[in-house]
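Undergrad: Sharing a structure, written as structure tokens. Questions coming.
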Amino acid sequence: MNSLEDRVRAAVQATAAEIGPDDVPPMRPLGSGSPASRRRAGRGSGGPRGGWQWGAPLAAAAAVLAVVAAASLLAGVLPSHVPGPAARPSKPAHRTHATAGYPPDLEAGLIGFFLPASGAQFTTGALFMGEYTALEEKISSACMAGYGYRVPVATPAQIARPVWDLTQFPDLGAIARAGALPSYSMGPAPKESKAYQQAAQHCDALSRRPFTSMRGASAGLVNSWLPIVTTIQASAPVTATLPELRSCAARHGWPAQPYGAPDSAINSFADFAGWVAGHLDGAESRGATAAQLNALDRHWGSVFVECARPTIAVMEKLQLAAQQMFLRQHRRQFAALAATARADFARAGRLAGQ
Amino acid sequence: MHPHSPARERDLRDEPDAEAALTDLYRLHALRLIRLGYVMLGDRQAAEDVVQDAFAGLYRRWGRLADHTKAPQYLRSSVLNGCRSAIRRNRPGTEVLDFDPAVVSAETDVLAGEQQRMLMRAIRRLPQRQREALVLRFYLDEPDAEIARLMGIRESTVRSTTHRALAALGRLLGEES
């Protein structure tokens, strides 16, 4: 085996073989619409351009439920190496989080994060997630300092930026203001030693504890809200807008057979959003330059807003109305979730040294 | 009702055999797909994530899939798309994505040897399209026509991309291809 081709073949085959049959995890529950890549509090390792599908809180809540029992055994027990104030990162905390304890409009954040009915609410929910994830990061950063690593803490806005959902809750206003579809803009993953990764694993687990109750308390509500949204988005008033969406998309360059198949027309809003996202994501692998990618983002950003508007208007009107009724019907559960969230924010704030 | 209307899709997706079919597909294909993602991304967790996403996506589209025997091809395309997105997210403006040493067990490390790891590191330094062409040819053993379909490029471009990838790899390794 001397040729480079032979060695490449051997290397990729051997690398692939590092994953054994026993390493295959069980299939996650179908239909949750949850890109798994949000497992780390939705930050930094997101799904495809379609963004963070709204089912993520559902999956997160379900996953948390499974570990609640184990986590409760450890709750409040900080390991001895967690540093005191002297070992915290030298970077000063952002005053907005340091003083608030929890986001000023906690209810709006909870609704946007767990029970969104519009793109604007989804954006609010993303910022809410940014708030609590920033606290988690502070806790984790303090823990990492105890291991001798300095880990910067992102702001809520930085954390929220890559969180969106073009398919179910596109924020057309935000896209129009930005003039382009959202995309990730993160630096290359840093090189991390094995020791660093072990420390990070421990500190990440530690930092996730304070919000375990909030995530767990949301599961029932999210599970009840999901089918309502799904039903609305496939309902007759929404599908009645599709012919207009199709003609708008065709007018702006939508290919007659986007996947090379005669039956690949736009049969749902998700088809449209999915193709636009895939078209842009695929452009790079087809060799597009950065300038071409930016131009594509801008072009399809404006097309997306223009063509999606009629469908989204109908969708959001129905969803917002349904949401009002849902919140009335689940007033007590939502109040309990809000109380839990407040307690979690207070606990996290204490752990983060605020 | 149009056979591909959303309502039709929902009807089919709700059928119990959709979940059963997906479960079977997962049992049959998950390992190979995760391996594909792992070779592409060098990160076991990320590979599992793109595969899980691919199955979730197939479930959502199950009712619209005219030919269910094509499901494995759909899954493979989805995994590749997921890998492209992950690569794009993780390294804008750079083509470097180092092999993650943490995912290699000590035992595997010894078995695989330094040469193999150097080669994988070099492969992951290649531009995404070149890397993809190499993985599809040398891991999946796909013919040019199928690679062209998966990458959305012409067959002749597959051949030139592979040639350039091997040449670049040779340069990275300090040898002639």
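Each chain in the structure tokens gets a letter, A, B, ..., in the order shown, and its residues are numbered from 1; ligands are numbered from 1 in order too.
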Would you please extract all alpha helix (DSSP H) residues from segment 112-226 of chain A, as assigned by DSSP on the backbone, and give them as a ChimeraX atom specification?

TA: /A:112-114,119-146,156-160,172-178,194-208,212-226

Undergrad: Can I get the selected residues back with C-alpha atoms, as an mmCIF file, in the first residue's frame?

TA:
data_model
loop_
_atom_site.group_PDB
_atom_site.id
_atom_site.type_symbol
_atom_site.label_atom_id
_atom_site.label_comp_id
_atom_site.auth_asym_id
_atom_site.auth_seq_id
_atom_site.Cartn_x
_atom_site.Cartn_y
_atom_site.Cartn_z
ATOM 1 C CA GLY A 112 -40.797 33.359 23.277
ATOM 2 C CA PHE A 113 -38.513 30.532 24.264
ATOM 3 C CA PHE A 114 -40.972 27.787 25.101
ATOM 4 C CA GLY A 119 -40.908 35.295 14.649
ATOM 5 C CA ALA A 120 -40.631 38.350 16.876
ATOM 6 C CA GLN A 121 -41.518 36.252 19.918
ATOM 7 C CA PHE A 122 -38.997 33.665 18.834
ATOM 8 C CA THR A 123 -36.321 36.365 18.763
ATOM 9 C CA THR A 124 -37.349 37.463 22.250
ATOM 10 C CA GLY A 125 -37.098 33.835 23.323
ATOM 11 C CA ALA A 126 -33.620 33.607 21.841
ATOM 12 C CA LEU A 127 -32.532 36.596 23.905
ATOM 13 C CA PHE A 128 -34.048 35.022 26.983
ATOM 14 C CA MET A 129 -32.007 31.936 26.242
ATOM 15 C CA GLY A 130 -29.016 34.216 25.871
ATOM 16 C CA GLU A 131 -29.671 35.596 29.352
ATOM 17 C CA TYR A 132 -29.709 32.278 31.113
ATOM 18 C CA THR A 133 -26.976 30.766 28.978
ATOM 19 C CA ALA A 134 -24.742 33.735 29.814
ATOM 20 C CA LEU A 135 -25.261 32.955 33.478
ATOM 21 C CA GLU A 136 -24.439 29.324 32.832
ATOM 22 C CA GLU A 137 -21.304 30.438 31.033
ATOM 23 C CA LYS A 138 -20.279 32.578 33.975
ATOM 24 C CA ILE A 139 -20.630 29.620 36.288
ATOM 25 C CA SER A 140 -18.700 27.452 33.877
ATOM 26 C CA SER A 141 -16.041 30.100 33.392
ATOM 27 C CA ALA A 142 -15.509 30.432 37.136
ATOM 28 C CA CYS A 143 -15.217 26.661 37.383
ATOM 29 C CA MET A 144 -12.711 26.586 34.518
ATOM 30 C CA ALA A 145 -10.659 29.255 36.227
ATOM 31 C CA GLY A 146 -10.284 26.782 39.068
ATOM 32 C CA PRO A 156 -26.736 37.303 25.795
ATOM 33 C CA ALA A 157 -26.926 39.016 22.408
ATOM 34 C CA GLN A 158 -23.902 37.100 21.151
ATOM 35 C CA ILE A 159 -25.419 33.872 22.353
ATOM 36 C CA ALA A 160 -28.807 34.652 20.825
ATOM 37 C CA LEU A 172 -39.216 38.709 8.865
ATOM 38 C CA GLY A 173 -38.735 42.086 10.505
ATOM 39 C CA ALA A 174 -35.256 41.151 11.687
ATOM 40 C CA ILE A 175 -34.341 39.679 8.293
ATOM 41 C CA ALA A 176 -35.574 42.822 6.534
ATOM 42 C CA ARG A 177 -33.600 45.041 8.901
ATOM 43 C CA ALA A 178 -30.461 42.945 8.452
ATOM 44 C CA LYS A 194 -7.672 16.522 26.564
ATOM 45 C CA ALA A 195 -7.265 18.024 30.033
ATOM 46 C CA TYR A 196 -9.134 21.128 28.924
ATOM 47 C CA GLN A 197 -11.955 19.050 27.510
ATOM 48 C CA GLN A 198 -12.268 17.048 30.696
ATOM 49 C CA ALA A 199 -12.410 20.228 32.740
ATOM 50 C CA ALA A 200 -14.939 21.738 30.334
ATOM 51 C CA GLN A 201 -17.117 18.659 30.533
ATOM 52 C CA HIS A 202 -17.219 18.886 34.298
ATOM 53 C CA CYS A 203 -17.777 22.640 34.384
ATOM 54 C CA ASP A 204 -20.458 22.555 31.693
ATOM 55 C CA ALA A 205 -22.368 19.935 33.644
ATOM 56 C CA LEU A 206 -22.029 22.034 36.764
ATOM 57 C CA SER A 207 -23.256 25.162 35.003
ATOM 58 C CA ARG A 208 -26.354 23.472 33.629
ATOM 59 C CA THR A 212 -32.661 22.219 35.366
ATOM 60 C CA SER A 213 -35.943 22.934 37.141
ATOM 61 C CA MET A 214 -37.040 25.550 34.628
ATOM 62 C CA ARG A 215 -36.380 23.292 31.696
ATOM 63 C CA GLY A 216 -38.155 20.425 33.389
ATOM 64 C CA ALA A 217 -41.146 22.572 34.351
ATOM 65 C CA SER A 218 -41.621 23.664 30.756
ATOM 66 C CA ALA A 219 -41.958 20.194 29.286
ATOM 67 C CA GLY A 220 -45.690 19.773 29.799
ATOM 68 C CA LEU A 221 -46.538 23.150 28.334
ATOM 69 C CA VAL A 222 -44.248 22.695 25.345
ATOM 70 C CA ASN A 223 -45.677 19.254 24.671
ATOM 71 C CA SER A 224 -49.177 20.712 24.609
ATOM 72 C CA TRP A 225 -48.275 23.709 22.463
ATOM 73 C CA LEU A 226 -46.350 21.836 19.766
#

Undergrad: Find the spatial neighbours of Gly20 of chain A, counting only C-alpha atoms, within a cut-off of 10 Å - ignore same-chain residues fewer than 6 positions away - and output them as a list in words.

TA: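 Answer for this query is Leu31, Arg32, Ile34 and Arg35 of chain B.
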
Undergrad: Would you mind telling me which residue in B:Ala167, B:Ala133, B:Ala47, B:Ala54 lies nearest to Ile147 of chain B when using only C-alpha atoms?

TA: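 Checking each candidate against Ile147 of chain B, we get B:Ala133 as the closest.
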
Undergrad: Taking into account only C-alpha atoms, which residue in the set A:Ala322, A:Gly179, A:Ala250, A:His330 is nearest to Asn294 of chain A?

TA: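 Looking only at the distances to Asn294 of chain A, the closest residue turns out to be A:Gly179.
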
Undergrad: Would you pick out the contacts of Val158 of chain B at 8 Å or less, using only C-alpha atoms, so that residues sharing its chain but fewer than 4 positions from it are not included, and give the list as a PDB file with C-alpha atoms, in the first residue's frame?

TA:
ATOM      1  CA  ALA B 133     -14.858  14.380  -2.934  1.00  0.00           C
ATOM      2  CA  ASP B 144     -18.162   9.645 -10.143  1.00  0.00           C
ATOM      3  CA  ILE B 147     -20.503  11.792  -6.260  1.00  0.00           C
ATOM      4  CA  ALA B 148     -21.530  14.358  -8.858  1.00  0.00           C
ATOM      5  CA  ILE B 153     -21.504  19.239  -9.673  1.00  0.00           C
ATOM      6  CA  ARG B 154     -20.571  17.692 -13.034  1.00  0.00           C
ATOM      7  CA  THR B 162     -10.376  14.665  -6.670  1.00  0.00           C
TER       8      THR B 162
END
